[in-house]
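Participant: Okay, handing you the structure first.
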Amino acid sequence: MYAEYSPETGVGSPLKRFPLKIFTETEYWLPESMKGIPAIKQALEYDTAVDYVIAAHGAEDLPTKINDFYLTVEELRLKHDFEFWAFRTIKIEDKLSLQLIPFKLRGAQHKLLMSFESQRLKGIPIRTIVAKARQWGGSTLTQIYMFWIQQMHKTNWHSAVIAHLDDAAKNIRGMYSRAAKHYPADVGIVTLAPYEGSSKNRVCVETGGIMGVGSVQNPDQFHSYNYALAHLSECGYWGETTKKSATALVQALRPSVPNVPMSMIVIESTANGRGNFFHKEWVAATTGGSRYDAVFVAWYEIDLYQKPIKDYLAFLKKIDHHLKHKYFWSLWERGATLEGINWYMSFQEEENLSDVQMWRQFPSDAGESFSSTGRRVFSPIVLKLAERNCIEPLYKGQLFGKDRKGKNAFVDLEFDDTGDGELWIWDFPQKTPMMSHRYVLIADIGGKSEGADYSTIRVFDRSYILDGGVPEIVASWRGHLDQDLFAWVAVQLSFWYNKGLFIIESNSLVKELVESEGDHYLVVLDEIAEFYSNLYMRTTPEKIKEGKPIQWGFHTNKQTKPMVISRINAAFRDDGYVERDIRVINEADQFENKPDGTMGATDGTHDDLLIPTAIGVWASESEMPLPKIIKPSVKKSKGQRTEASL
């Protein structure tokens, strides 16, 4: 946070850079994109730029030649090095002193700059969505970066900045006016004039770039131009206006932004609950539903939120005795300083803010930022603790047998590590010691099309219970497949994991029976039962003796769903099982109480991994005997040593 950083020398920049020595003691770190420029490339062949200048142009009038070389490098940097250009040309108002100062990026702003620059340098359109805490300058950086593209890279490259309120739009227009007024004459002239008589929009006379500025309250002004740069500010607070919805406004604006390099769409906001336009866009970006780069800035990454500590030992004791000590130590593990945690504790106490209020204004992660009062099922604090065990799978691939269905489906089972398959594995099936009731697998059948619910499988290893531990997730499967083929994939996986207990969530099967017009997928389980016996049935043995039909699987309804959700909530809270798959935590983070009294995923999200996981926690705790090591049988031969065999 307080590391050395100089936009003039390039020291401390997050971008990839290389050193260029002007004199022996003077070194500049230039962006990698400048390495191929002929003058720079030739200078790098010498110990210093002075040596290069002497070799190329002679030693006569050397100071002038060195100065000319430096000015050449500076001119090139203005186009290649945003940080240098911003410090050299832009004046902003300091939030504390209210004085005009050069625009020098702060630590949190570097994170957003990396998103912009990584896309620009790849030659792809810049598309970024930003969820943020308050007061770190994300909007300012976005606007100035667009201004850089308009001034240094493109002509007739129009920008639109849409704010939440008209007052915010006025502040943005003031930033552009100040930038133009104080732009150094030796770099260029920036003359802003009203565009076609507009009181809000400006055009740069020198480059032809229009700067459209307005609010969502007055959206009609954004329809008449072709914008290459669009900044949607604080759109978490965009509600329905009397003229047009936020979603409709964005849908109308987006097509005007060409899908070409140097075009830019930035969606940023402090979060304001779930289910709105901004939340849906964030979910899409973080789940692969869009190509937007998702950037989150936590409060503890912002240097303003620090409070000095006089007595560290006393402060550490205060944390340890606090009701939320686990949460505060999780902040430390994520990178918060002790001074930052001290600020957080003090601010919450002094302002008498609830946890939800703190999460929304000063979030530690994206899940907290979208918290909404009274709707969440799982506490973000609890989920953050559960998340600490999540790691990338060791393998991603597919399991194959001799056949896809039938008796030979279990023959020659082999895992193919493709690196991108639907089956994620953290631990392979363990054959020793041989153990009964070790593995339980839960399957939830979804649809086969890309837009349908996912079909999922969760695999629990219960062996750790024998040593006082808890069940652990060892494998996950998620994808789209025909329902009957998926059922066979699930039972193949069950066979592979030592013939584990196979539980299928039966609601989707019943739904298919009603809707499939004769393709009765319920018969799949009867078919599987001929070859695989360790299937879970909810029909009791007594009912079967009475002639009742076998009911396969777990049925999720208004009685059983709260039961299993309550179990997994307790497991998240009390370390009742070990979760490895971050996708489950993400789904739990988007699981809410609905107005009609039900529970489910927020609009546009999924709970296809969460529900079978909850069923697995319940089954492991309540439906299965303890795991038991199967001792080998002992055969004795007269006059020989005993042999052990299973």
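Ordered as shown in the structure tokens, chains take letters A, B, and onward, while each chain numbers its residues from 1 and ligands are numbered from 1 in the order shown.
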If you run DSSP on the backbone, which residues of stretch 41-81 of chain A are alpha helix (DSSP H), as a PyMOL selection string?
Facilitator: chain A and resi 41-43+49-57+62-80
Participant: Include N, CA and C atoms and write out the residues we just selected as a PDB file, in the first residue's frame.
Facilitator:
```pdb
ATOM      1  N   LYS A  41      15.176   0.576 -28.841  1.00  0.00           N
ATOM      2  CA  LYS A  41      15.838  -0.712 -29.055  1.00  0.00           C
ATOM      3  C   LYS A  41      17.346  -0.528 -29.232  1.00  0.00           C
ATOM      4  N   GLN A  42      17.741   0.509 -29.982  1.00  0.00           N
ATOM      5  CA  GLN A  42      19.168   0.773 -30.186  1.00  0.00           C
ATOM      6  C   GLN A  42      19.833   1.253 -28.905  1.00  0.00           C
ATOM      7  N   ALA A  43      19.138   2.100 -28.143  1.00  0.00           N
ATOM      8  CA  ALA A  43      19.717   2.618 -26.899  1.00  0.00           C
ATOM      9  C   ALA A  43      19.953   1.508 -25.885  1.00  0.00           C
ATOM     10  N   ALA A  49      21.935   5.659 -22.132  1.00  0.00           N
ATOM     11  CA  ALA A  49      21.481   6.405 -23.306  1.00  0.00           C
ATOM     12  C   ALA A  49      22.536   7.401 -23.763  1.00  0.00           C
ATOM     13  N   VAL A  50      23.340   7.904 -22.814  1.00  0.00           N
ATOM     14  CA  VAL A  50      24.418   8.834 -23.173  1.00  0.00           C
ATOM     15  C   VAL A  50      25.400   8.149 -24.114  1.00  0.00           C
ATOM     16  N   ASP A  51      25.747   6.911 -23.770  1.00  0.00           N
ATOM     17  CA  ASP A  51      26.666   6.166 -24.637  1.00  0.00           C
ATOM     18  C   ASP A  51      26.063   5.983 -26.032  1.00  0.00           C
ATOM     19  N   TYR A  52      24.764   5.717 -26.066  1.00  0.00           N
ATOM     20  CA  TYR A  52      24.092   5.553 -27.361  1.00  0.00           C
ATOM     21  C   TYR A  52      24.122   6.845 -28.173  1.00  0.00           C
ATOM     22  N   VAL A  53      23.827   7.972 -27.527  1.00  0.00           N
ATOM     23  CA  VAL A  53      23.798   9.260 -28.225  1.00  0.00           C
ATOM     24  C   VAL A  53      25.175   9.601 -28.778  1.00  0.00           C
ATOM     25  N   ILE A  54      26.209   9.352 -27.978  1.00  0.00           N
ATOM     26  CA  ILE A  54      27.573   9.631 -28.440  1.00  0.00           C
ATOM     27  C   ILE A  54      27.905   8.765 -29.651  1.00  0.00           C
ATOM     28  N   ALA A  55      27.552   7.480 -29.573  1.00  0.00           N
ATOM     29  CA  ALA A  55      27.857   6.571 -30.676  1.00  0.00           C
ATOM     30  C   ALA A  55      27.073   6.925 -31.933  1.00  0.00           C
ATOM     31  N   ALA A  56      25.834   7.364 -31.760  1.00  0.00           N
ATOM     32  CA  ALA A  56      24.971   7.628 -32.918  1.00  0.00           C
ATOM     33  C   ALA A  56      25.141   9.030 -33.485  1.00  0.00           C
ATOM     34  N   HIS A  57      25.418  10.015 -32.594  1.00  0.00           N
ATOM     35  CA  HIS A  57      25.394  11.407 -33.049  1.00  0.00           C
ATOM     36  C   HIS A  57      26.648  12.191 -32.689  1.00  0.00           C
ATOM     37  N   LEU A  62      26.842  17.769 -26.448  1.00  0.00           N
ATOM     38  CA  LEU A  62      26.210  16.578 -25.871  1.00  0.00           C
ATOM     39  C   LEU A  62      24.984  16.899 -25.011  1.00  0.00           C
ATOM     40  N   PRO A  63      25.012  17.936 -24.145  1.00  0.00           N
ATOM     41  CA  PRO A  63      23.819  18.214 -23.328  1.00  0.00           C
ATOM     42  C   PRO A  63      22.555  18.425 -24.161  1.00  0.00           C
ATOM     43  N   THR A  64      22.701  19.138 -25.276  1.00  0.00           N
ATOM     44  CA  THR A  64      21.532  19.377 -26.128  1.00  0.00           C
ATOM     45  C   THR A  64      21.029  18.075 -26.734  1.00  0.00           C
ATOM     46  N   LYS A  65      21.950  17.231 -27.178  1.00  0.00           N
ATOM     47  CA  LYS A  65      21.559  15.962 -27.784  1.00  0.00           C
ATOM     48  C   LYS A  65      20.916  15.024 -26.763  1.00  0.00           C
ATOM     49  N   ILE A  66      21.459  15.048 -25.527  1.00  0.00           N
ATOM     50  CA  ILE A  66      20.854  14.222 -24.470  1.00  0.00           C
ATOM     51  C   ILE A  66      19.445  14.720 -24.166  1.00  0.00           C
ATOM     52  N   ASN A  67      19.289  16.037 -24.117  1.00  0.00           N
ATOM     53  CA  ASN A  67      17.956  16.601 -23.855  1.00  0.00           C
ATOM     54  C   ASN A  67      16.990  16.257 -24.982  1.00  0.00           C
ATOM     55  N   ASP A  68      17.449  16.307 -26.216  1.00  0.00           N
ATOM     56  CA  ASP A  68      16.591  15.946 -27.345  1.00  0.00           C
ATOM     57  C   ASP A  68      16.153  14.486 -27.244  1.00  0.00           C
ATOM     58  N   PHE A  69      17.104  13.604 -26.852  1.00  0.00           N
ATOM     59  CA  PHE A  69      16.761  12.188 -26.708  1.00  0.00           C
ATOM     60  C   PHE A  69      15.728  11.999 -25.597  1.00  0.00           C
ATOM     61  N   TYR A  70      15.926  12.702 -24.493  1.00  0.00           N
ATOM     62  CA  TYR A  70      14.978  12.594 -23.386  1.00  0.00           C
ATOM     63  C   TYR A  70      13.587  13.052 -23.822  1.00  0.00           C
ATOM     64  N   LEU A  71      13.517  14.165 -24.567  1.00  0.00           N
ATOM     65  CA  LEU A  71      12.225  14.670 -25.030  1.00  0.00           C
ATOM     66  C   LEU A  71      11.563  13.683 -25.994  1.00  0.00           C
ATOM     67  N   THR A  72      12.381  12.995 -26.793  1.00  0.00           N
ATOM     68  CA  THR A  72      11.837  11.967 -27.687  1.00  0.00           C
ATOM     69  C   THR A  72      11.220  10.835 -26.881  1.00  0.00           C
ATOM     70  N   VAL A  73      11.957  10.393 -25.847  1.00  0.00           N
ATOM     71  CA  VAL A  73      11.439   9.326 -24.985  1.00  0.00           C
ATOM     72  C   VAL A  73      10.157   9.780 -24.294  1.00  0.00           C
ATOM     73  N   GLU A  74      10.146  11.024 -23.807  1.00  0.00           N
ATOM     74  CA  GLU A  74       8.959  11.536 -23.123  1.00  0.00           C
ATOM     75  C   GLU A  74       7.766  11.583 -24.067  1.00  0.00           C
ATOM     76  N   GLU A  75       7.973  12.019 -25.291  1.00  0.00           N
ATOM     77  CA  GLU A  75       6.874  12.089 -26.260  1.00  0.00           C
ATOM     78  C   GLU A  75       6.312  10.695 -26.539  1.00  0.00           C
ATOM     79  N   LEU A  76       7.191   9.725 -26.639  1.00  0.00           N
ATOM     80  CA  LEU A  76       6.745   8.348 -26.849  1.00  0.00           C
ATOM     81  C   LEU A  76       5.996   7.825 -25.628  1.00  0.00           C
ATOM     82  N   ARG A  77       6.476   8.165 -24.439  1.00  0.00           N
ATOM     83  CA  ARG A  77       5.837   7.691 -23.200  1.00  0.00           C
ATOM     84  C   ARG A  77       4.420   8.231 -23.063  1.00  0.00           C
ATOM     85  N   LEU A  78       4.186   9.438 -23.516  1.00  0.00           N
ATOM     86  CA  LEU A  78       2.854  10.022 -23.391  1.00  0.00           C
ATOM     87  C   LEU A  78       1.803   9.160 -24.089  1.00  0.00           C
ATOM     88  N   LYS A  79       2.214   8.447 -25.140  1.00  0.00           N
ATOM     89  CA  LYS A  79       1.283   7.595 -25.877  1.00  0.00           C
ATOM     90  C   LYS A  79       1.255   6.173 -25.336  1.00  0.00           C
ATOM     91  N   HIS A  80       2.373   5.692 -24.812  1.00  0.00           N
ATOM     92  CA  HIS A  80       2.475   4.309 -24.354  1.00  0.00           C
ATOM     93  C   HIS A  80       2.244   4.151 -22.854  1.00  0.00           C
TER      94      HIS A  80
END
```
Participant: Quick one: residues within 12 Å of A:Ile585, only C-alpha atoms, excluding same-chain residues fewer than 3 positions away - as an MDAnalysis selection string?
Facilitator: chainID A and resid 367 378:391 568:569 572 578:582 588:591 606:611 613:614
Participant: Within 10 Å of A:Met264, counting only C-alpha atoms, which residues qualify if same-chain residues fewer than 4 places away don't, as number ranges by chain?
Facilitator: A: 116, 119-120, 124-128, 142, 145-146, 149, 159, 227-231, 257-260
Participant: Dump as a Markdown table the rows for residues of stretch 355-417 of chain A within 10 Å of stretch 488-491 of chain A: closest atom pair and distance in Å with one decimal, only C-alpha atoms counted, ordered by chain and rising residue number.
Facilitator:
```
| residue | atom | partner | partner_atom | distance |
| --- | --- | --- | --- | --- |
| A:Gln398 | CA | A:Val489 | CA | 9.5 |
| A:Leu399 | CA | A:Val489 | CA | 7.9 |
| A:Phe400 | CA | A:Val489 | CA | 8.6 |
| A:Gly401 | CA | A:Val489 | CA | 9.5 |
| A:Arg404 | CA | A:Trp488 | CA | 7.0 |
| A:Lys405 | CA | A:Trp488 | CA | 6.1 |
| A:Gly406 | CA | A:Trp488 | CA | 8.3 |
| A:Ala409 | CA | A:Trp488 | CA | 7.9 |
| A:Phe410 | CA | A:Val491 | CA | 8.8 |
```
Participant: If we count only C-alpha atoms, what is near stretch 297-310 of chain A at a cut-off of 7 Å, once residues fewer than 2 positions away on the same chain are taken out, given as a list of chain:residue names?
Facilitator: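 The residues satisfying every condition are A:Met1, A:Ala108, A:Ala131, A:Lys132, A:Ala133, A:Trp136, A:Val295, A:Tyr312, A:Ala336, A:Glu339, A:Gly340, A:Asn342, A:Trp343, A:Phe362, A:Pro363, A:Ser364, A:Asp365.
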Participant: Quick one: write out the picked residues with C-alpha atoms as an mmCIF file, in the first residue's frame?
Facilitator:
```cif
data_model
loop_
_atom_site.group_PDB
_atom_site.id
_atom_site.type_symbol
_atom_site.label_atom_id
_atom_site.label_comp_id
_atom_site.auth_asym_id
_atom_site.auth_seq_id
_atom_site.Cartn_x
_atom_site.Cartn_y
_atom_site.Cartn_z
ATOM 1 C CA MET A 1 0.000 0.000 0.000
ATOM 2 C CA ALA A 108 -6.490 0.522 -5.526
ATOM 3 C CA ALA A 131 -17.833 -3.573 -7.920
ATOM 4 C CA LYS A 132 -16.298 -1.307 -5.337
ATOM 5 C CA ALA A 133 -16.104 0.201 -1.915
ATOM 6 C CA TRP A 136 -10.998 5.318 -4.091
ATOM 7 C CA VAL A 295 -12.757 -6.081 -10.908
ATOM 8 C CA TYR A 312 -0.475 -3.788 19.333
ATOM 9 C CA ALA A 336 -6.032 -6.273 5.531
ATOM 10 C CA GLU A 339 -4.499 -0.661 11.150
ATOM 11 C CA GLY A 340 -7.194 -1.341 8.569
ATOM 12 C CA ASN A 342 -8.725 -1.185 13.652
ATOM 13 C CA TRP A 343 -10.393 1.396 11.385
ATOM 14 C CA PHE A 362 -17.289 -1.083 2.797
ATOM 15 C CA PRO A 363 -17.352 -4.631 1.399
ATOM 16 C CA SER A 364 -14.471 -7.039 1.903
ATOM 17 C CA ASP A 365 -15.516 -9.143 -1.074
#
```
Participant: Smallest atom-to-atom distance to A:Gly10: which of A:Leu485, A:Met624, A:Leu30, A:Leu98, using only C-alpha atoms?
Facilitator: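 Looking only at the distances to A:Gly10, the closest residue turns out to be A:Leu30.
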Participant: Find the residue from A:Glu621, A:Glu527, A:Glu422, A:Asp416 that sits nearest to A:Val470; use only C-alpha atoms when measuring.
Facilitator: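 Of A:Glu621, A:Glu527, A:Glu422, A:Asp416, the one nearest A:Val470, counting only C-alpha atoms, is A:Glu621.
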Participant: Name all residues at most 12 Å from A:Ala160 (count only C-alpha atoms; drop same-chain ones fewer than 4 positions away) and give them as JSON, numbers by chain.
Facilitator: {"A": [142, 143, 146, 147, 169, 172, 173, 200, 201, 202, 203, 209, 210, 211, 212, 213, 214, 215, 216, 219, 221, 222, 223, 224, 225, 226, 227, 228, 229, 230, 231, 232, 233, 250, 253, 254, 256, 257, 263, 264, 265, 266, 267]}
Participant: Which parts of stretch 243-362 of chain A does DSSP call strand (DSSP E) when run on the backbone here, written out as a list in words?
Facilitator: Met264, Ile265, Val266, Ile267, Glu268, Ser269, Asp293, Ala294, Val295, Phe296 and Val297 of chain A
Participant: Could you dump the residues just selected with C-alpha atoms as a PDB file, in the first residue's frame?
Facilitator:
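Output file part-v4.pdb follows:
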```pdb
ATOM      1  CA  MET A 264     -14.439   0.747 -24.129  1.00  0.00           C
ATOM      2  CA  ILE A 265     -17.451  -0.028 -21.942  1.00  0.00           C
ATOM      3  CA  VAL A 266     -17.040   0.278 -18.184  1.00  0.00           C
ATOM      4  CA  ILE A 267     -19.890  -0.611 -15.843  1.00  0.00           C
ATOM      5  CA  GLU A 268     -19.126   0.417 -12.267  1.00  0.00           C
ATOM      6  CA  SER A 269     -21.026   0.891  -9.043  1.00  0.00           C
ATOM      7  CA  ASP A 293     -13.424  -8.427 -16.899  1.00  0.00           C
ATOM      8  CA  ALA A 294     -14.731  -8.302 -13.308  1.00  0.00           C
ATOM      9  CA  VAL A 295     -12.757  -6.081 -10.908  1.00  0.00           C
ATOM     10  CA  PHE A 296     -13.545  -5.860  -7.214  1.00  0.00           C
ATOM     11  CA  VAL A 297     -11.862  -3.365  -4.883  1.00  0.00           C
TER      12      VAL A 297
END
```
Participant: Could you check which of A:Gly576, A:Gly600, A:Pro7, A:Pro261 is closest to A:Pro562, using only C-alpha atoms?
Facilitator: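 Checking each candidate against A:Pro562, we get A:Gly600 as the closest.
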Participant: Need to verify the contact set: A:Pro627, 9 Å, only C-alpha atoms, exclusion of same-chain residues closer than 5 positions in sequence. Can you return it as a VMD selection string?
Facilitator: chain A and resid 435 to 439 462 to 466
